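Encoded as structure tokens, the structure appears first; notes follow it.
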Amino acid sequence: MTDRAAGNSPKVSVVSITYNHAAYIRETLDGFVAQKTDFPVEFIVADDASTDATPAIIQEYADRYPHLFRTILRSENLGIHANLTDALSTARGEYLALCEGDDFWIDPLKLSKQVAFLDQHPGTAVCFHPVRVIWEGREDSEFPPVGWRGDLSVESLIRRKFIQTNSVVYRRLPRYDDIPADVMPLDWYLHVRHAVSGDIAMLPETMAVYRRHSQGVSYDAVANPTKFWLAAGPAHAAMSEAMLDLFPGDPVYQKVLGEQADWILRQIAKVPGPEGRAVLLNSITQHPRIAMLALQNRWRQHPGHG
């Protein structure tokens with residue numbers, strides 16, 4: 001990191017949340033320090049009361065680079081949502097980047113390239129790039145798939161999360177403390193929330209690595225869908241409803257969100273037994289607006305069949 005990157009008024013705020021990431025966090029922080037910029041950057045690292053060596057490692061880097069790091073080392077576990085929204089609320093930069101403590105950047109010019117693009121394209125609100133995906137027990141892959149890259153519209157982003165968290169740079173919004181507390185996955189919601197303000201752009205270079213491992217939040221979505229939707233189904237329904245509030249009274253986006261909500265409720269409905277039925281009923285009861293949109297979507301697909 002160049003000396004000019006150290007300053008009191010950062011151009012970019014990078015927010016990283018961590019929890020028991022001792023096996024990975026050094027690569028994350030090394031990727032931060034390696035960034036070559038001619039503008040000031042701050043790295044906000046918020047640890048959610050890890051029980052391993054993660055806080056000590058973070059403090060080590062903060063001591064070594066006090067002009068770069070702002071640390072939040074929590075004494076009580078808040079959970080992903082509260083930890084992230086609180087950290088986001090402390091950001092001061094014009095732009096905002098994300099990278100969780102088990103992922104890392106591999107291009108020292110990542111931030112410089114994305115900031116240059118955003119500076120040159122004031123109508124763009126979200127800038128991202130492909131990432132390499134390292135799977136636990138599987139071959140590596142790249143995300144998003146090539147077939148997803150032709151449509152970078154907000155409508156497409158609502159239908160499928162084609163932006164990986166550690167690839168994105170946003171134009172920072174004025175506040176983040178008003179996000180409903182039960183919304184997950186929060187990154188998908190944040191992508192859409194920022195994209196409301198402008199265009200979405202993808203740079204071609206693969207500049208980061210996303211780890212898929214058994215301790216990861218989304219790992220069970222592939223490895224154990226039943227377990228995943230039992231745990232995460234209601235939060236996905238909450239996310240869909242929170243997105244709805246980003247487009248009040250807009251019939252086009254209501255239709256798209258109806259498709260998303262129908263897909264989410266279908267995934268929950270696939271969970272067998274009384275537990276699955278209870279989660280589905282809870283999701284519908286707690287979020288009746290998206291349940292109605294899901295029904296309307298089904299009626300459009302199968303008119304006259306209920």
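Convention: chains lettered A, B, ... in structure tokens order; per-chain residue numbering from 1; ligands numbered from 1 as shown.
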Counting only C-alpha atoms, what is within 12 Å of Asp199 in chain A, bar same-chain residues fewer than 3 positions away, as an MDAnalysis selection string?
-> chainID A and resid 118 121:128 151:155 157 170:171 191:196 202
Go through range 133-211 of chain A and flag each residue having an atom no more than 12 Å from range 7-17 of chain A; for those, report the closest pair of atoms plus their distance in Å to one decimal, using only C-alpha atoms, ordered by chain and rising number, as a Markdown table.
```
| residue | atom | partner | partner_atom | distance |
| --- | --- | --- | --- | --- |
| A:Thr165 | CA | A:Ser16 | CA | 10.4 |
| A:Asn166 | CA | A:Ser16 | CA | 9.2 |
| A:Ser167 | CA | A:Val14 | CA | 11.3 |
| A:Val168 | CA | A:Val14 | CA | 10.2 |
| A:Val169 | CA | A:Val12 | CA | 8.7 |
| A:Tyr170 | CA | A:Val12 | CA | 9.4 |
| A:Arg171 | CA | A:Val12 | CA | 9.3 |
| A:Arg172 | CA | A:Ser13 | CA | 8.7 |
| A:Leu173 | CA | A:Ser13 | CA | 11.9 |
```
Those in range 13-55 of chain A with helix (DSSP H, G or I) from DSSP, as a list of chain:residue names | A:Ile25, A:Arg26, A:Glu27, A:Thr28, A:Leu29, A:Asp30, A:Gly31, A:Phe32, A:Val33, A:Thr54, A:Pro55
Store the residues picked out above in a file with N, CA, C and O atoms, as an mmCIF file, in the first residue's frame.
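In the end it all went to part.cif:
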```cif
data_model
loop_
_atom_site.group_PDB
_atom_site.id
_atom_site.type_symbol
_atom_site.label_atom_id
_atom_site.label_comp_id
_atom_site.auth_asym_id
_atom_site.auth_seq_id
_atom_site.Cartn_x
_atom_site.Cartn_y
_atom_site.Cartn_z
ATOM 1 N N ILE A 25 -7.517 -15.843 7.726
ATOM 2 C CA ILE A 25 -7.543 -14.388 7.808
ATOM 3 C C ILE A 25 -6.243 -13.739 7.346
ATOM 4 O O ILE A 25 -6.263 -12.606 6.825
ATOM 5 N N ARG A 26 -5.122 -14.405 7.490
ATOM 6 C CA ARG A 26 -3.867 -13.789 7.039
ATOM 7 C C ARG A 26 -3.882 -13.540 5.532
ATOM 8 O O ARG A 26 -3.406 -12.484 5.071
ATOM 9 N N GLU A 27 -4.401 -14.478 4.757
ATOM 10 C CA GLU A 27 -4.485 -14.259 3.309
ATOM 11 C C GLU A 27 -5.396 -13.073 2.999
ATOM 12 O O GLU A 27 -5.128 -12.292 2.078
ATOM 13 N N THR A 28 -6.487 -12.950 3.745
ATOM 14 C CA THR A 28 -7.395 -11.817 3.546
ATOM 15 C C THR A 28 -6.674 -10.503 3.796
ATOM 16 O O THR A 28 -6.698 -9.587 2.963
ATOM 17 N N LEU A 29 -6.021 -10.390 4.938
ATOM 18 C CA LEU A 29 -5.362 -9.145 5.319
ATOM 19 C C LEU A 29 -4.144 -8.860 4.444
ATOM 20 O O LEU A 29 -3.868 -7.692 4.119
ATOM 21 N N ASP A 30 -3.433 -9.898 4.030
ATOM 22 C CA ASP A 30 -2.313 -9.693 3.104
ATOM 23 C C ASP A 30 -2.811 -9.130 1.775
ATOM 24 O O ASP A 30 -2.151 -8.280 1.154
ATOM 25 N N GLY A 31 -3.975 -9.604 1.323
ATOM 26 C CA GLY A 31 -4.556 -9.078 0.094
ATOM 27 C C GLY A 31 -4.931 -7.612 0.208
ATOM 28 O O GLY A 31 -4.845 -6.853 -0.768
ATOM 29 N N PHE A 32 -5.327 -7.199 1.408
ATOM 30 C CA PHE A 32 -5.624 -5.781 1.644
ATOM 31 C C PHE A 32 -4.347 -4.947 1.573
ATOM 32 O O PHE A 32 -4.272 -3.942 0.870
ATOM 33 N N VAL A 33 -3.353 -5.365 2.341
ATOM 34 C CA VAL A 33 -2.112 -4.595 2.441
ATOM 35 C C VAL A 33 -1.415 -4.508 1.077
ATOM 36 O O VAL A 33 -0.729 -3.510 0.784
ATOM 37 N N THR A 54 -8.327 -15.529 15.694
ATOM 38 C CA THR A 54 -8.634 -14.465 14.724
ATOM 39 C C THR A 54 -8.413 -13.060 15.290
ATOM 40 O O THR A 54 -7.758 -12.228 14.645
ATOM 41 N N PRO A 55 -8.949 -12.721 16.487
ATOM 42 C CA PRO A 55 -8.737 -11.360 16.993
ATOM 43 C C PRO A 55 -7.266 -10.995 17.168
ATOM 44 O O PRO A 55 -6.859 -9.860 16.876
#
```
All residues 10 Å or closer to range 259-263 of chain A, only C-alpha atoms, same chain fewer than 2 positions away omitted, as a ChimeraX atom specification = /A:158-160,236-241,253-257,265-269,289-298
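Each of A:Tyr19, A:Phe117, A:Tyr189, A:Trp135 was compared to Asp102 in chain A using only C-alpha atoms, and A:Tyr19 turns out to be the nearest.
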Quick one: pull the distance between CA of Thr285 in chain A and CA of Val271 in chain A, Å, one decimal.
-> 17.5 Å
7 Å contact set for His81 in chain A, only C-alpha atoms, chain neighbours under 4 positions out, as a count of residues only | 3
